[in-house]
Amino acid sequence: MSAIGVVVASSCFHPRTWLLKSGMQKMSSFGLHTASQCAAKDYYEVLVLGGGAGGISMSARMKRKVGAGNVAVVEPSKTHYYQPMWTLVGGGAKELASSARPTGSVIPKGVEWIKSRVTALDPDKNCVWLENDTKVFYKYLIIALGISLHYEKIKGLPEGFHHPRIGSNYSVHTVEKTWKALQDFKEGNAIFTFPNTPVKCAGAPQKIMYLSEAYWRKTGKRSKANIMFNTSLNVVFGVKKYADALLEIIKERNIAVNYKRNLVEVRADKQEAVFENLDKPGVTEVLQYEMLHVTPPMGPPDVLINSPVSDGAGWVDVDKETLQQKKYPNVFGIGDCTNLPTSKTAAAVAAQSGVLDNTISLVMKNQLPTKKYDGYTSCPLVTGYNKVILAEFDYNAQPLETFPIDQSKERVTMYRMKADMMPFLYWNALLKGYWGGPAPVRKLMHLGLK
């Protein structure tokens with residue numbers, strides 16, 4: 001994680017606003033907690049690695065289960081960010097400051113905050129190593145370390161961000177540069193990229209494209225912009241229902257989509273972007289740009305690569321229904337750092353947190369987990385300054401929708417949820433462990449709620 005701040009596990013959130021647990025009524029204001037540079041003690045009943053959405057939510061839940069003094073969160077960053085806001089920050093619709101709060105304000109009252117980094121995991125001995133060779137033991141371990149950004153894997157970055165006309169909504173350091181590049185645009189190619197790696201919120205790389213197109217229409221520059229979406233994928237979105245809707249918007253707004261194109265180099269001094277043709281390895285194309293939005297390659301945190309808890313690619317290897325690590329029954333994973341075969345979003349974290357709470361509760365009683373995670377995730381696809389297509393789907397890339405309407409249609413109401421209601425629910429419900437994700441509409445139908 002960045003030394004500047006915690007990047008929230010994902011850039012999307014879901015809208016089932018009326019489905020909060022009754023515990024919402026019990027929420028209190030942020031309280032004091034214990035904090036230390038190193039571990040105040042060397043053993044905790046529950047040790048949580050990571051202070052993002054998954055880590056904070058689970059620490060709040062575990063506090064209620066085993067007591068605050070028996071839970072610790074390992075997190076080096078002083079600032080916690082609600083990253084789903086950054087799409088709107090990059091588009092000039094929100095201020096960056098509105099996405100940030102001190103880490104100390106979101107860690108549950110009484111829970112130990114260990115201000116350090118994890119350097120190694122030793123699940124065979126039920127301990128982790130921190131900086132300065134500090135060792136902490138645990139009875140149960142929750143891994144919520146998020147995903148790492150790798151701008152350096154693109155030649156010319158990150159140093160290229162010192163030049164104008166280039167930005168990225170994925171980093172606190174570069175999201176405001178996106179808005180500046182959008183405003184300074186005069187004439188030429190506006191290129192938006194999608195890398196050849198897993199990413200958090202697969203819709204985010206094109207959300208800023210739609211906002212940019214809308215901004216240039218509003219300011220009279222649209223006719224001078226050749227907008228391109230260069231994606232490493234062979235589809236514009238992984239769920240057909242929403243992909244079809246997006247392709248209609250792309251056609252209507254005269255946006256070019258170039259599939260199987262992966263950004264490999266940025267020559268920022270010349271305003272040139274170099275793309276590899278993934279269908280023809282080694283073949284590259286150089287494009288001049290007037291604006292470039294970069295979605296960086298991403299991967300598991302370094303500490304997880306070759307770790308005993310990870311799969312061959314470095315992601316925490318968990319059961320996709322229970323979130324329990326496949327080899328170590330007292331180890332669990334949540335969010336972007338896991339190999340769960342679903343999109344990496346904050347919506348997924350919300351749904352996973354409820355399942356994981358149930359899993360851990362039963363494991364603590366030496367019982368088998370019963371609640372199963374179906375892969376639910378969501379991505380509010382921002383298509384304008386007052387429009388959102390609300391994509392919700394499961395492991396099988398099948399729609400798993402909340403509302404009894406066609407959610408593939410652009411709607412103002414969904415934008416208001418994205419821009420205004422979701423941040424409130426994030427800070428006041430998810431992070432406090434009172435929201436375990438929504439129930440699908442089909443379940444509500446059995447209760448006669450339509």
# chains A, B, ... in the order shown; residues from 1 in each chain; ligands from 1
$ residues_around --residues "segment 346-357 of chain A" --least-positions-apart "6" --cutoff "10 Å" --atoms "only C-alpha atoms" --output "MDAnalysis selection string"
chainID A and resid 8:15 52:55 57:58 61:62 65 82:84 142 144 200:201 320:324 332:336 340 369:380 392 394 426 429:431 433:439
$ select_by_dssp --residues "segment 148-322 of chain A" --states "strand (DSSP E)" --output "ChimeraX atom specification"
/A:148-149,166-167,188-194,225-231,256-258,261-267,272-277,284-288,291-293,298-299
$ closest_residue --among "A:Val66, A:Trp315, A:Leu149, A:Tyr259" --to "Met364 of chain A" --atoms "only C-alpha atoms"
A:Val66
$ residues_around --residues "Val412 of chain A" --least-positions-apart "4" --cutoff "10 Å" --atoms "only C-alpha atoms" --output "PDB file with all heavy atoms, in the first residue's frame"
ATOM      1  N   GLY A 384     -22.154   9.697 -17.598  1.00  0.00           N
ATOM      2  CA  GLY A 384     -22.307  11.134 -17.749  1.00  0.00           C
ATOM      3  C   GLY A 384     -22.348  11.768 -16.375  1.00  0.00           C
ATOM      4  O   GLY A 384     -22.264  11.087 -15.356  1.00  0.00           O
ATOM      5  N   TYR A 385     -22.491  13.092 -16.342  1.00  0.00           N
ATOM      6  CA  TYR A 385     -22.479  13.795 -15.060  1.00  0.00           C
ATOM      7  C   TYR A 385     -23.765  13.623 -14.268  1.00  0.00           C
ATOM      8  O   TYR A 385     -23.841  14.056 -13.126  1.00  0.00           O
ATOM      9  CB  TYR A 385     -22.166  15.274 -15.275  1.00  0.00           C
ATOM     10  CG  TYR A 385     -20.696  15.508 -15.551  1.00  0.00           C
ATOM     11  CD1 TYR A 385     -20.229  15.618 -16.857  1.00  0.00           C
ATOM     12  CD2 TYR A 385     -19.779  15.577 -14.515  1.00  0.00           C
ATOM     13  CE1 TYR A 385     -18.882  15.815 -17.119  1.00  0.00           C
ATOM     14  CE2 TYR A 385     -18.426  15.771 -14.761  1.00  0.00           C
ATOM     15  CZ  TYR A 385     -17.979  15.895 -16.066  1.00  0.00           C
ATOM     16  OH  TYR A 385     -16.643  16.072 -16.315  1.00  0.00           O
ATOM     17  N   ASN A 386     -24.743  12.987 -14.851  1.00  0.00           N
ATOM     18  CA  ASN A 386     -25.972  12.687 -14.094  1.00  0.00           C
ATOM     19  C   ASN A 386     -26.591  11.358 -14.534  1.00  0.00           C
ATOM     20  O   ASN A 386     -27.788  11.163 -14.403  1.00  0.00           O
ATOM     21  CB  ASN A 386     -26.986  13.821 -14.240  1.00  0.00           C
ATOM     22  CG  ASN A 386     -27.455  13.998 -15.670  1.00  0.00           C
ATOM     23  OD1 ASN A 386     -26.887  13.419 -16.592  1.00  0.00           O
ATOM     24  ND2 ASN A 386     -28.496  14.784 -15.857  1.00  0.00           N
ATOM     25  N   LYS A 387     -25.737  10.451 -15.039  1.00  0.00           N
ATOM     26  CA  LYS A 387     -26.260   9.183 -15.536  1.00  0.00           C
ATOM     27  C   LYS A 387     -25.371   8.011 -15.105  1.00  0.00           C
ATOM     28  O   LYS A 387     -24.139   8.104 -15.140  1.00  0.00           O
ATOM     29  CB  LYS A 387     -26.348   9.198 -17.065  1.00  0.00           C
ATOM     30  CG  LYS A 387     -27.339  10.209 -17.631  1.00  0.00           C
ATOM     31  CD  LYS A 387     -27.326  10.188 -19.139  1.00  0.00           C
ATOM     32  CE  LYS A 387     -28.281  11.210 -19.729  1.00  0.00           C
ATOM     33  NZ  LYS A 387     -28.244  11.210 -21.211  1.00  0.00           N
ATOM     34  N   VAL A 388     -26.020   6.919 -14.722  1.00  0.00           N
ATOM     35  CA  VAL A 388     -25.311   5.696 -14.341  1.00  0.00           C
ATOM     36  C   VAL A 388     -26.096   4.484 -14.814  1.00  0.00           C
ATOM     37  O   VAL A 388     -27.327   4.442 -14.708  1.00  0.00           O
ATOM     38  CB  VAL A 388     -25.116   5.620 -12.810  1.00  0.00           C
ATOM     39  CG1 VAL A 388     -24.872   4.185 -12.355  1.00  0.00           C
ATOM     40  CG2 VAL A 388     -23.951   6.498 -12.370  1.00  0.00           C
ATOM     41  N   ILE A 389     -25.377   3.507 -15.358  1.00  0.00           N
ATOM     42  CA  ILE A 389     -25.915   2.172 -15.589  1.00  0.00           C
ATOM     43  C   ILE A 389     -25.464   1.325 -14.407  1.00  0.00           C
ATOM     44  O   ILE A 389     -24.260   1.208 -14.143  1.00  0.00           O
ATOM     45  CB  ILE A 389     -25.394   1.567 -16.908  1.00  0.00           C
ATOM     46  CG1 ILE A 389     -26.030   2.268 -18.095  1.00  0.00           C
ATOM     47  CG2 ILE A 389     -25.667   0.064 -16.966  1.00  0.00           C
ATOM     48  CD1 ILE A 389     -25.470   1.823 -19.445  1.00  0.00           C
ATOM     49  N   ARG A 416     -27.284   9.526  -8.544  1.00  0.00           N
ATOM     50  CA  ARG A 416     -27.394  10.142  -7.214  1.00  0.00           C
ATOM     51  C   ARG A 416     -26.953   9.155  -6.134  1.00  0.00           C
ATOM     52  O   ARG A 416     -26.330   9.529  -5.146  1.00  0.00           O
ATOM     53  CB  ARG A 416     -28.817  10.627  -6.961  1.00  0.00           C
ATOM     54  CG  ARG A 416     -29.256  11.762  -7.858  1.00  0.00           C
ATOM     55  CD  ARG A 416     -29.004  13.126  -7.223  1.00  0.00           C
ATOM     56  NE  ARG A 416     -27.624  13.428  -6.886  1.00  0.00           N
ATOM     57  CZ  ARG A 416     -26.778  14.060  -7.684  1.00  0.00           C
ATOM     58  NH1 ARG A 416     -27.166  14.446  -8.881  1.00  0.00           N
ATOM     59  NH2 ARG A 416     -25.544  14.325  -7.295  1.00  0.00           N
ATOM     60  N   MET A 417     -27.277   7.881  -6.317  1.00  0.00           N
ATOM     61  CA  MET A 417     -26.804   6.865  -5.380  1.00  0.00           C
ATOM     62  C   MET A 417     -25.285   6.791  -5.398  1.00  0.00           C
ATOM     63  O   MET A 417     -24.636   6.751  -4.340  1.00  0.00           O
ATOM     64  CB  MET A 417     -27.398   5.501  -5.741  1.00  0.00           C
ATOM     65  CG  MET A 417     -28.841   5.350  -5.342  1.00  0.00           C
ATOM     66  SD  MET A 417     -29.373   3.638  -5.609  1.00  0.00           S
ATOM     67  CE  MET A 417     -31.048   3.752  -4.975  1.00  0.00           C
ATOM     68  N   LYS A 418     -24.704   6.753  -6.587  1.00  0.00           N
ATOM     69  CA  LYS A 418     -23.259   6.672  -6.736  1.00  0.00           C
ATOM     70  C   LYS A 418     -22.567   7.875  -6.103  1.00  0.00           C
ATOM     71  O   LYS A 418     -21.598   7.726  -5.344  1.00  0.00           O
ATOM     72  CB  LYS A 418     -22.907   6.575  -8.226  1.00  0.00           C
ATOM     73  CG  LYS A 418     -21.494   6.960  -8.612  1.00  0.00           C
ATOM     74  CD  LYS A 418     -20.468   5.959  -8.154  1.00  0.00           C
ATOM     75  CE  LYS A 418     -19.075   6.379  -8.625  1.00  0.00           C
ATOM     76  NZ  LYS A 418     -18.028   5.489  -8.080  1.00  0.00           N
TER      77      LYS A 418
END
$ atom_distance --atom1 "atom CA of Val331 of chain A" --atom2 "atom CA of Pro123 of chain A"
7.8 Å
$ select_by_dssp --residues "segment 51-193 of chain A" --states "helix (DSSP H, G or I)" --output "ChimeraX atom specification"
/A:53-66,68-70,83-90,96-99,103-106,131-133,151-153,159-162,175-184
$ atom_distance --atom1 "atom CA of Val73 of chain A" --atom2 "atom CA of Trp113 of chain A"
5.1 Å
$ decode --residues "segment 98-207 of chain A" --atoms "C-alpha atoms" --output "PDB file, in the first residue's frame"
ATOM      1  CA  SER A  98     -13.947  14.467   0.271  1.00  0.00           C
ATOM      2  CA  SER A  99     -12.557  10.950  -0.296  1.00  0.00           C
ATOM      3  CA  ALA A 100     -10.109  11.012   2.621  1.00  0.00           C
ATOM      4  CA  ARG A 101     -10.268  10.501   6.376  1.00  0.00           C
ATOM      5  CA  PRO A 102      -7.549   9.790   8.952  1.00  0.00           C
ATOM      6  CA  THR A 103      -6.983   6.069   9.374  1.00  0.00           C
ATOM      7  CA  GLY A 104      -7.333   6.522  13.110  1.00  0.00           C
ATOM      8  CA  SER A 105     -10.891   7.729  12.672  1.00  0.00           C
ATOM      9  CA  VAL A 106     -12.052   4.551  10.917  1.00  0.00           C
ATOM     10  CA  ILE A 107     -10.354   1.930  13.076  1.00  0.00           C
ATOM     11  CA  PRO A 108     -12.926   0.696  15.629  1.00  0.00           C
ATOM     12  CA  LYS A 109     -12.663   2.093  19.136  1.00  0.00           C
ATOM     13  CA  GLY A 110     -10.345   0.019  21.319  1.00  0.00           C
ATOM     14  CA  VAL A 111      -8.945  -2.077  18.476  1.00  0.00           C
ATOM     15  CA  GLU A 112      -5.147  -2.032  18.336  1.00  0.00           C
ATOM     16  CA  TRP A 113      -3.717  -0.158  15.367  1.00  0.00           C
ATOM     17  CA  ILE A 114      -0.269  -1.491  14.523  1.00  0.00           C
ATOM     18  CA  LYS A 115       1.367   1.147  12.342  1.00  0.00           C
ATOM     19  CA  SER A 116       3.659  -1.145  10.432  1.00  0.00           C
ATOM     20  CA  ARG A 117       3.956  -3.183   7.251  1.00  0.00           C
ATOM     21  CA  VAL A 118       3.674  -6.936   6.937  1.00  0.00           C
ATOM     22  CA  THR A 119       6.918  -8.385   5.615  1.00  0.00           C
ATOM     23  CA  ALA A 120       6.200 -12.128   5.791  1.00  0.00           C
ATOM     24  CA  LEU A 121       3.478 -14.625   6.732  1.00  0.00           C
ATOM     25  CA  ASP A 122       4.174 -17.865   8.579  1.00  0.00           C
ATOM     26  CA  PRO A 123       0.802 -19.642   8.862  1.00  0.00           C
ATOM     27  CA  ASP A 124       2.432 -22.870  10.020  1.00  0.00           C
ATOM     28  CA  LYS A 125       3.467 -21.044  13.192  1.00  0.00           C
ATOM     29  CA  ASN A 126       0.384 -18.785  13.333  1.00  0.00           C
ATOM     30  CA  CYS A 127       2.402 -15.594  13.099  1.00  0.00           C
ATOM     31  CA  VAL A 128       3.354 -12.746  10.789  1.00  0.00           C
ATOM     32  CA  TRP A 129       6.531 -10.709  10.573  1.00  0.00           C
ATOM     33  CA  LEU A 130       6.394  -6.916  10.556  1.00  0.00           C
ATOM     34  CA  GLU A 131       9.018  -4.264   9.881  1.00  0.00           C
ATOM     35  CA  ASN A 132      11.921  -4.092  12.333  1.00  0.00           C
ATOM     36  CA  ASP A 133      11.744  -7.904  12.702  1.00  0.00           C
ATOM     37  CA  THR A 134       8.680  -7.708  14.931  1.00  0.00           C
ATOM     38  CA  LYS A 135       6.714 -10.946  15.187  1.00  0.00           C
ATOM     39  CA  VAL A 136       2.991 -11.083  16.022  1.00  0.00           C
ATOM     40  CA  PHE A 137       1.088 -14.299  16.730  1.00  0.00           C
ATOM     41  CA  TYR A 138      -2.608 -14.908  16.175  1.00  0.00           C
ATOM     42  CA  LYS A 139      -5.371 -17.427  16.644  1.00  0.00           C
ATOM     43  CA  TYR A 140      -7.257 -16.257  13.543  1.00  0.00           C
ATOM     44  CA  LEU A 141      -5.856 -14.264  10.639  1.00  0.00           C
ATOM     45  CA  ILE A 142      -7.826 -12.129   8.159  1.00  0.00           C
ATOM     46  CA  ILE A 143      -5.888 -11.018   5.084  1.00  0.00           C
ATOM     47  CA  ALA A 144      -7.237  -7.834   3.483  1.00  0.00           C
ATOM     48  CA  LEU A 145      -4.167  -6.357   1.815  1.00  0.00           C
ATOM     49  CA  GLY A 146      -5.829  -5.081  -1.345  1.00  0.00           C
ATOM     50  CA  ILE A 147      -4.176  -4.872  -4.741  1.00  0.00           C
ATOM     51  CA  SER A 148      -0.955  -3.168  -5.857  1.00  0.00           C
ATOM     52  CA  LEU A 149      -0.597  -0.667  -8.692  1.00  0.00           C
ATOM     53  CA  HIS A 150       2.353  -1.087 -11.039  1.00  0.00           C
ATOM     54  CA  TYR A 151       2.789   2.039 -13.131  1.00  0.00           C
ATOM     55  CA  GLU A 152       6.495   1.158 -13.358  1.00  0.00           C
ATOM     56  CA  LYS A 153       5.648  -1.783 -15.609  1.00  0.00           C
ATOM     57  CA  ILE A 154       4.808   0.741 -18.335  1.00  0.00           C
ATOM     58  CA  LYS A 155       8.015   2.187 -19.760  1.00  0.00           C
ATOM     59  CA  GLY A 156       8.179   5.921 -19.099  1.00  0.00           C
ATOM     60  CA  LEU A 157       6.001   5.804 -15.984  1.00  0.00           C
ATOM     61  CA  PRO A 158       5.542   6.949 -13.292  1.00  0.00           C
ATOM     62  CA  GLU A 159       7.983   9.751 -14.175  1.00  0.00           C
ATOM     63  CA  GLY A 160       5.812  10.597 -17.188  1.00  0.00           C
ATOM     64  CA  PHE A 161       3.149  12.003 -14.874  1.00  0.00           C
ATOM     65  CA  HIS A 162       5.364  15.047 -14.338  1.00  0.00           C
ATOM     66  CA  HIS A 163       4.332  16.099 -17.843  1.00  0.00           C
ATOM     67  CA  PRO A 164       0.930  17.602 -18.698  1.00  0.00           C
ATOM     68  CA  ARG A 165      -1.891  15.920 -20.656  1.00  0.00           C
ATOM     69  CA  ILE A 166      -1.680  12.655 -18.709  1.00  0.00           C
ATOM     70  CA  GLY A 167      -3.520  11.437 -15.625  1.00  0.00           C
ATOM     71  CA  SER A 168      -4.831   8.369 -13.817  1.00  0.00           C
ATOM     72  CA  ASN A 169      -7.854   8.033 -11.547  1.00  0.00           C
ATOM     73  CA  TYR A 170      -6.278   5.067  -9.768  1.00  0.00           C
ATOM     74  CA  SER A 171      -3.744   6.984  -7.674  1.00  0.00           C
ATOM     75  CA  VAL A 172      -4.106   9.784  -5.135  1.00  0.00           C
ATOM     76  CA  HIS A 173      -1.038  11.340  -6.762  1.00  0.00           C
ATOM     77  CA  THR A 174      -2.463  11.480 -10.291  1.00  0.00           C
ATOM     78  CA  VAL A 175      -6.265  11.671 -10.089  1.00  0.00           C
ATOM     79  CA  GLU A 176      -6.309  15.473 -10.062  1.00  0.00           C
ATOM     80  CA  LYS A 177      -4.021  15.463 -13.093  1.00  0.00           C
ATOM     81  CA  THR A 178      -6.833  13.717 -14.967  1.00  0.00           C
ATOM     82  CA  TRP A 179      -9.143  16.669 -14.358  1.00  0.00           C
ATOM     83  CA  LYS A 180      -6.399  19.115 -15.374  1.00  0.00           C
ATOM     84  CA  ALA A 181      -5.745  17.205 -18.610  1.00  0.00           C
ATOM     85  CA  LEU A 182      -9.459  17.102 -19.341  1.00  0.00           C
ATOM     86  CA  GLN A 183      -9.763  20.873 -18.881  1.00  0.00           C
ATOM     87  CA  ASP A 184      -6.620  21.668 -20.906  1.00  0.00           C
ATOM     88  CA  PHE A 185      -7.670  19.534 -23.875  1.00  0.00           C
ATOM     89  CA  LYS A 186      -7.600  21.437 -27.168  1.00  0.00           C
ATOM     90  CA  GLU A 187      -7.638  19.115 -30.168  1.00  0.00           C
ATOM     91  CA  GLY A 188      -6.545  15.585 -31.029  1.00  0.00           C
ATOM     92  CA  ASN A 189      -6.613  12.061 -29.638  1.00  0.00           C
ATOM     93  CA  ALA A 190      -8.014  11.380 -26.181  1.00  0.00           C
ATOM     94  CA  ILE A 191      -6.945   7.859 -25.237  1.00  0.00           C
ATOM     95  CA  PHE A 192      -8.244   5.775 -22.324  1.00  0.00           C
ATOM     96  CA  THR A 193      -6.520   2.484 -21.491  1.00  0.00           C
ATOM     97  CA  PHE A 194      -7.261  -0.879 -19.878  1.00  0.00           C
ATOM     98  CA  PRO A 195      -4.239  -3.073 -18.947  1.00  0.00           C
ATOM     99  CA  ASN A 196      -3.533  -6.745 -19.535  1.00  0.00           C
ATOM    100  CA  THR A 197      -3.871  -7.675 -15.826  1.00  0.00           C
ATOM    101  CA  PRO A 198      -6.643  -8.020 -13.252  1.00  0.00           C
ATOM    102  CA  VAL A 199      -7.895  -4.594 -12.157  1.00  0.00           C
ATOM    103  CA  LYS A 200     -10.185  -3.265  -9.489  1.00  0.00           C
ATOM    104  CA  CYS A 201     -13.552  -2.312 -10.930  1.00  0.00           C
ATOM    105  CA  ALA A 202     -13.338  -3.237 -14.579  1.00  0.00           C
ATOM    106  CA  GLY A 203     -15.758  -0.436 -15.468  1.00  0.00           C
ATOM    107  CA  ALA A 204     -13.671   2.395 -14.012  1.00  0.00           C
ATOM    108  CA  PRO A 205     -11.253   2.766 -16.963  1.00  0.00           C
ATOM    109  CA  GLN A 206     -14.111   3.762 -19.251  1.00  0.00           C
ATOM    110  CA  LYS A 207     -16.198   5.777 -16.763  1.00  0.00           C
TER     111      LYS A 207
END
